[in-house]
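Asker: Pasting a structure below so you can have a look.
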Amino acid sequence: MSIELRHEDRIAILTINRPEALNALSSALLEEFRSELHAISRDENVGCLILTGAGEKAFIAGADIAEMATKTPLEARAYAELGQECANLLETMRAPTIAAVNGYALGGGSEMALACDIRLCSENAVFGQPEVDFGIMPGWGASQRLARTTSIGFAKELIFTGRRVKADEALARGLAQHVVPLPELMPKAMEMANVIASKSPVSIAYAKEATNRALAGDLATNYMVEADLFSILFSTEDAKEGLRAFTEKRKPDFKGR
Ligand code: DAK
């Protein structure tokens, strides 16, 4: 098994487990990744997903370079679509996704981290988009998500030069939300995931949907969608419970409906 999935209460922890190749994403591994992501996105018991890499050196060192070198254009197209589907699932699944970046996140690895809602890094994390060094370009979303997550100039600098960025710079640029020593990375990710999973899953799902629109579409439509989603939440038991619990000075007991 190259992908490990375990559950702790309402948290799903998905580990890319190919440390001998620094968790580089082969086609076979991506197929497995896609099928786990589909399963997680259908699982209503999952309140938050944490994505990480096995070992202490790499989150995901990118697409599998050796395998890519052998691909025909048609195979390259299938590989592109497979990676895009995985990235889109991370971005759009109902449950929030946290990348626990525990080392190299290069090329396609950086792109999977960018597709997650939140990025937490260990001090040894390294981001980069080195595709131009191989005569190719990012294909799993970095040309859009890196600019939207940081800034257009910074994204172009990284994509045009292939320069690697360490954790402290990633933090300063908004690429990472927190940087912690490696042993504290998973506890930090679990702590945040547990906070998220303790909320009403319906309110979190709608909040994710509305926030995902922040960098796409037009503002007037997005405000309308926000108002629509906000008002739909008033039909849920969770909203009634959450608002009532405040006035009754107790913790809400959310049921996800
Ligand atoms: N692919 C395959 N194997 C990899 C790998 C990778 N990306 N990264 C590392 N490995 C393997 C190494 O070959 C080595 O294997 P053995 O020689 O032991 O068999 C093992 O992992 C350990 O690596 P090193 O010995 O190199 O370890 P070091 O600590 O010395 O160096 C490193 C670590 C991360 C700096 C170095 O391994 C490295 O530079 N790796 C390449 C990282 C990289 O450039 N990644 C980006 C790849 S490009 C697209 C879709 C997707 C993409 C592009 C287009 N379209 C749809 C158009 C994606 C592109 C990419 O991801």
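In the structure tokens, each chain is lettered A, B, ... as it comes, each chain's residues begin at 1, and ligands are numbered from 1 in order of appearance.
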Per residue of region 120-147 of chain A within 12 Å of region 168-184 of chain A, note the shortest atom pair and the distance in Å to one decimal, counting only C-alpha atoms, and order the rows by chain and increasing residue number, as a tab-separated table.
Answerer:
residue	atom	partner	partner_atom	distance
A:Leu120	CA	A:His178	CA	5.1
A:Cys121	CA	A:Val179	CA	4.7
A:Ser122	CA	A:Leu182	CA	4.7
A:Glu123	CA	A:Pro181	CA	5.3
A:Asn124	CA	A:Leu182	CA	7.3
A:Ala125	CA	A:Val179	CA	8.7
A:Val126	CA	A:Ala170	CA	8.3
A:Phe127	CA	A:Ala170	CA	7.5
A:Gly128	CA	A:Ala170	CA	10.0
A:Ala142	CA	A:Leu175	CA	11.9
A:Arg145	CA	A:Leu175	CA	10.3
A:Leu146	CA	A:Leu175	CA	8.0
A:Ala147	CA	A:Leu175	CA	10.0
Asker: Name each residue within 7 Å of ligand 1, counting only C-alpha atoms and all ligand atoms, as JSON, numbers by chain.
Answerer: {"A": [20, 21, 22, 24, 61, 62, 63, 64, 65, 66, 76, 77, 79, 80, 81, 83, 104, 106, 107, 108, 109, 129, 130, 131, 136, 137, 138, 139, 140]}
Asker: Would you save the residues from that selection as an mmCIF file, in the first residue's frame, using N, CA, C and O atoms?
Answerer:
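Saved file result_37.cif follows:
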data_model
loop_
_atom_site.group_PDB
_atom_site.id
_atom_site.type_symbol
_atom_site.label_atom_id
_atom_site.label_comp_id
_atom_site.auth_asym_id
_atom_site.auth_seq_id
_atom_site.Cartn_x
_atom_site.Cartn_y
_atom_site.Cartn_z
ATOM 1 N N GLU A 20 10.979 5.876 -0.015
ATOM 2 C CA GLU A 20 12.206 5.567 -0.766
ATOM 3 C C GLU A 20 12.345 6.464 -1.997
ATOM 4 O O GLU A 20 13.458 6.659 -2.505
ATOM 5 N N ALA A 21 11.249 7.035 -2.483
ATOM 6 C CA ALA A 21 11.308 7.989 -3.606
ATOM 7 C C ALA A 21 10.784 9.355 -3.145
ATOM 8 O O ALA A 21 10.269 10.140 -3.942
ATOM 9 N N LEU A 22 10.957 9.619 -1.867
ATOM 10 C CA LEU A 22 10.514 10.891 -1.271
ATOM 11 C C LEU A 22 9.041 11.196 -1.597
ATOM 12 O O LEU A 22 8.664 12.331 -1.845
ATOM 13 N N ALA A 24 7.285 10.636 -4.160
ATOM 14 C CA ALA A 24 6.970 11.119 -5.514
ATOM 15 C C ALA A 24 5.732 10.384 -6.027
ATOM 16 O O ALA A 24 5.531 9.197 -5.763
ATOM 17 N N ALA A 61 7.739 14.855 -3.090
ATOM 18 C CA ALA A 61 8.819 15.468 -3.899
ATOM 19 C C ALA A 61 8.398 15.637 -5.357
ATOM 20 O O ALA A 61 9.258 15.739 -6.237
ATOM 21 N N GLY A 62 7.110 15.644 -5.608
ATOM 22 C CA GLY A 62 6.622 15.966 -6.952
ATOM 23 C C GLY A 62 6.106 14.780 -7.725
ATOM 24 O O GLY A 62 5.929 13.682 -7.189
ATOM 25 N N ALA A 63 5.863 15.048 -8.989
ATOM 26 C CA ALA A 63 5.518 13.968 -9.908
ATOM 27 C C ALA A 63 6.727 13.039 -10.001
ATOM 28 O O ALA A 63 7.852 13.445 -9.699
ATOM 29 N N ASP A 64 6.470 11.785 -10.414
ATOM 30 C CA ASP A 64 7.568 10.826 -10.553
ATOM 31 C C ASP A 64 8.328 11.143 -11.841
ATOM 32 O O ASP A 64 7.829 10.879 -12.943
ATOM 33 N N ILE A 65 9.521 11.709 -11.679
ATOM 34 C CA ILE A 65 10.277 12.209 -12.839
ATOM 35 C C ILE A 65 10.682 11.060 -13.772
ATOM 36 O O ILE A 65 10.561 11.166 -14.991
ATOM 37 N N ALA A 66 11.121 9.951 -13.162
ATOM 38 C CA ALA A 66 11.571 8.817 -13.987
ATOM 39 C C ALA A 66 10.397 8.296 -14.826
ATOM 40 O O ALA A 66 10.543 7.993 -16.021
ATOM 41 N N ALA A 76 0.648 11.219 -20.936
ATOM 42 C CA ALA A 76 0.882 12.454 -20.175
ATOM 43 C C ALA A 76 -0.443 13.159 -19.901
ATOM 44 O O ALA A 76 -0.673 13.699 -18.826
ATOM 45 N N ARG A 77 -1.339 13.106 -20.864
ATOM 46 C CA ARG A 77 -2.665 13.738 -20.714
ATOM 47 C C ARG A 77 -3.451 13.042 -19.592
ATOM 48 O O ARG A 77 -4.045 13.687 -18.725
ATOM 49 N N TYR A 79 -2.231 11.329 -17.139
ATOM 50 C CA TYR A 79 -1.519 11.625 -15.879
ATOM 51 C C TYR A 79 -1.909 13.027 -15.386
ATOM 52 O O TYR A 79 -2.163 13.245 -14.201
ATOM 53 N N ALA A 80 -1.970 13.978 -16.324
ATOM 54 C CA ALA A 80 -2.343 15.360 -15.981
ATOM 55 C C ALA A 80 -3.739 15.384 -15.384
ATOM 56 O O ALA A 80 -3.972 15.991 -14.338
ATOM 57 N N GLU A 81 -4.667 14.666 -16.042
ATOM 58 C CA GLU A 81 -6.059 14.699 -15.581
ATOM 59 C C GLU A 81 -6.218 14.028 -14.218
ATOM 60 O O GLU A 81 -6.995 14.477 -13.376
ATOM 61 N N GLY A 83 -3.914 13.857 -11.798
ATOM 62 C CA GLY A 83 -3.414 14.774 -10.757
ATOM 63 C C GLY A 83 -4.351 15.936 -10.536
ATOM 64 O O GLY A 83 -4.600 16.345 -9.394
ATOM 65 N N TYR A 104 10.180 18.237 1.793
ATOM 66 C CA TYR A 104 10.076 18.731 0.418
ATOM 67 C C TYR A 104 8.636 18.681 -0.098
ATOM 68 O O TYR A 104 7.966 17.647 -0.006
ATOM 69 N N LEU A 106 7.689 19.758 -3.636
ATOM 70 C CA LEU A 106 8.204 20.308 -4.901
ATOM 71 C C LEU A 106 7.293 19.918 -6.060
ATOM 72 O O LEU A 106 6.704 18.829 -6.065
ATOM 73 N N GLY A 107 7.200 20.798 -7.040
ATOM 74 C CA GLY A 107 6.424 20.493 -8.240
ATOM 75 C C GLY A 107 5.009 20.073 -7.886
ATOM 76 O O GLY A 107 4.271 20.811 -7.226
ATOM 77 N N GLY A 108 4.643 18.857 -8.316
ATOM 78 C CA GLY A 108 3.308 18.341 -8.031
ATOM 79 C C GLY A 108 3.024 18.223 -6.536
ATOM 80 O O GLY A 108 1.865 18.251 -6.114
ATOM 81 N N GLY A 109 4.071 18.119 -5.721
ATOM 82 C CA GLY A 109 3.887 18.051 -4.258
ATOM 83 C C GLY A 109 3.445 19.393 -3.710
ATOM 84 O O GLY A 109 2.544 19.481 -2.869
ATOM 85 N N GLN A 129 8.580 25.160 -7.382
ATOM 86 C CA GLN A 129 7.982 24.719 -8.656
ATOM 87 C C GLN A 129 9.121 24.621 -9.667
ATOM 88 O O GLN A 129 9.353 25.548 -10.442
ATOM 89 N N PRO A 130 9.847 23.492 -9.657
ATOM 90 C CA PRO A 130 11.042 23.377 -10.514
ATOM 91 C C PRO A 130 10.759 22.849 -11.919
ATOM 92 O O PRO A 130 11.700 22.474 -12.632
ATOM 93 N N GLU A 131 9.491 22.849 -12.351
ATOM 94 C CA GLU A 131 9.138 22.229 -13.639
ATOM 95 C C GLU A 131 9.954 22.772 -14.801
ATOM 96 O O GLU A 131 10.332 22.026 -15.706
ATOM 97 N N ILE A 136 9.338 21.551 -18.692
ATOM 98 C CA ILE A 136 7.860 21.495 -18.657
ATOM 99 C C ILE A 136 7.357 22.677 -17.826
ATOM 100 O O ILE A 136 8.107 23.625 -17.575
ATOM 101 N N MET A 137 6.115 22.644 -17.436
ATOM 102 C CA MET A 137 5.555 23.715 -16.599
ATOM 103 C C MET A 137 4.579 23.078 -15.608
ATOM 104 O O MET A 137 4.218 21.909 -15.764
ATOM 105 N N PRO A 138 4.163 23.810 -14.577
ATOM 106 C CA PRO A 138 3.220 23.209 -13.622
ATOM 107 C C PRO A 138 1.944 22.755 -14.323
ATOM 108 O O PRO A 138 1.443 23.450 -15.211
ATOM 109 N N GLY A 139 1.448 21.583 -13.924
ATOM 110 C CA GLY A 139 0.260 21.034 -14.592
ATOM 111 C C GLY A 139 -0.861 20.642 -13.653
ATOM 112 O O GLY A 139 -1.908 20.190 -14.088
ATOM 113 N N TRP A 140 -0.629 20.792 -12.351
ATOM 114 C CA TRP A 140 -1.682 20.426 -11.397
ATOM 115 C C TRP A 140 -2.130 21.640 -10.585
ATOM 116 O O TRP A 140 -2.463 21.541 -9.411
#
Asker: Could you give me, as a PyMOL selection string, the residues within 8 Å of Ile13 (chain A), counting only C-alpha atoms and dropping anything in the same chain fewer than 5 positions from it?
Answerer: chain A and resi 4-8+49-52
Asker: Please dump the current selection as an mmCIF file, in the first residue's frame; keep N, CA, C and O atoms.
Answerer:
data_model
loop_
_atom_site.group_PDB
_atom_site.id
_atom_site.type_symbol
_atom_site.label_atom_id
_atom_site.label_comp_id
_atom_site.auth_asym_id
_atom_site.auth_seq_id
_atom_site.Cartn_x
_atom_site.Cartn_y
_atom_site.Cartn_z
ATOM 1 N N GLU A 4 -1.644 5.464 2.999
ATOM 2 C CA GLU A 4 -2.200 4.967 4.267
ATOM 3 C C GLU A 4 -3.316 5.890 4.691
ATOM 4 O O GLU A 4 -3.133 7.109 4.716
ATOM 5 N N LEU A 5 -4.444 5.294 5.031
ATOM 6 C CA LEU A 5 -5.556 6.100 5.522
ATOM 7 C C LEU A 5 -5.938 5.586 6.894
ATOM 8 O O LEU A 5 -6.175 4.400 7.076
ATOM 9 N N ARG A 6 -5.944 6.499 7.871
ATOM 10 C CA ARG A 6 -6.461 6.101 9.181
ATOM 11 C C ARG A 6 -7.395 7.189 9.688
ATOM 12 O O ARG A 6 -7.345 8.338 9.221
ATOM 13 N N HIS A 7 -8.247 6.790 10.605
ATOM 14 C CA HIS A 7 -9.226 7.736 11.138
ATOM 15 C C HIS A 7 -9.020 7.863 12.646
ATOM 16 O O HIS A 7 -8.797 6.866 13.327
ATOM 17 N N GLU A 8 -9.050 9.091 13.134
ATOM 18 C CA GLU A 8 -9.071 9.317 14.586
ATOM 19 C C GLU A 8 -10.300 10.151 14.863
ATOM 20 O O GLU A 8 -10.342 11.333 14.495
ATOM 21 N N LEU A 49 -9.709 16.522 6.904
ATOM 22 C CA LEU A 49 -8.689 15.616 6.351
ATOM 23 C C LEU A 49 -7.309 16.243 6.527
ATOM 24 O O LEU A 49 -7.116 17.420 6.226
ATOM 25 N N ILE A 50 -6.357 15.431 7.000
ATOM 26 C CA ILE A 50 -4.959 15.873 7.050
ATOM 27 C C ILE A 50 -4.193 15.060 6.013
ATOM 28 O O ILE A 50 -4.264 13.828 5.998
ATOM 29 N N LEU A 51 -3.459 15.756 5.150
ATOM 30 C CA LEU A 51 -2.619 15.094 4.143
ATOM 31 C C LEU A 51 -1.157 15.303 4.520
ATOM 32 O O LEU A 51 -0.735 16.438 4.771
ATOM 33 N N THR A 52 -0.393 14.210 4.557
ATOM 34 C CA THR A 52 1.030 14.335 4.882
ATOM 35 C C THR A 52 1.841 13.282 4.133
ATOM 36 O O THR A 52 1.278 12.474 3.390
#
Asker: Among the residues of region 23-257 of chain A, find those DSSP assigns to strand (DSSP E or B) from the backbone and print them as a PyMOL selection string.
Answerer: chain A and resi 25+48-53+58-60+63+97-101+104-106+118-122+126-128+165-166+178-180
Asker: Compile the contact shell of region 241-257 of chain A as number ranges by chain: residues with an atom at most 8 Å away, counting only C-alpha atoms, same-chain residues fewer than 2 positions apart removed.
Answerer: A: 199-202, 236-239
Asker: Could you check which of A:Ala214, A:Met112, A:Leu219, A:Ala105 is closest to Glu85 (chain A), using only C-alpha atoms?
Answerer: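 The answer is A:Met112, which sits nearest to Glu85 (chain A).
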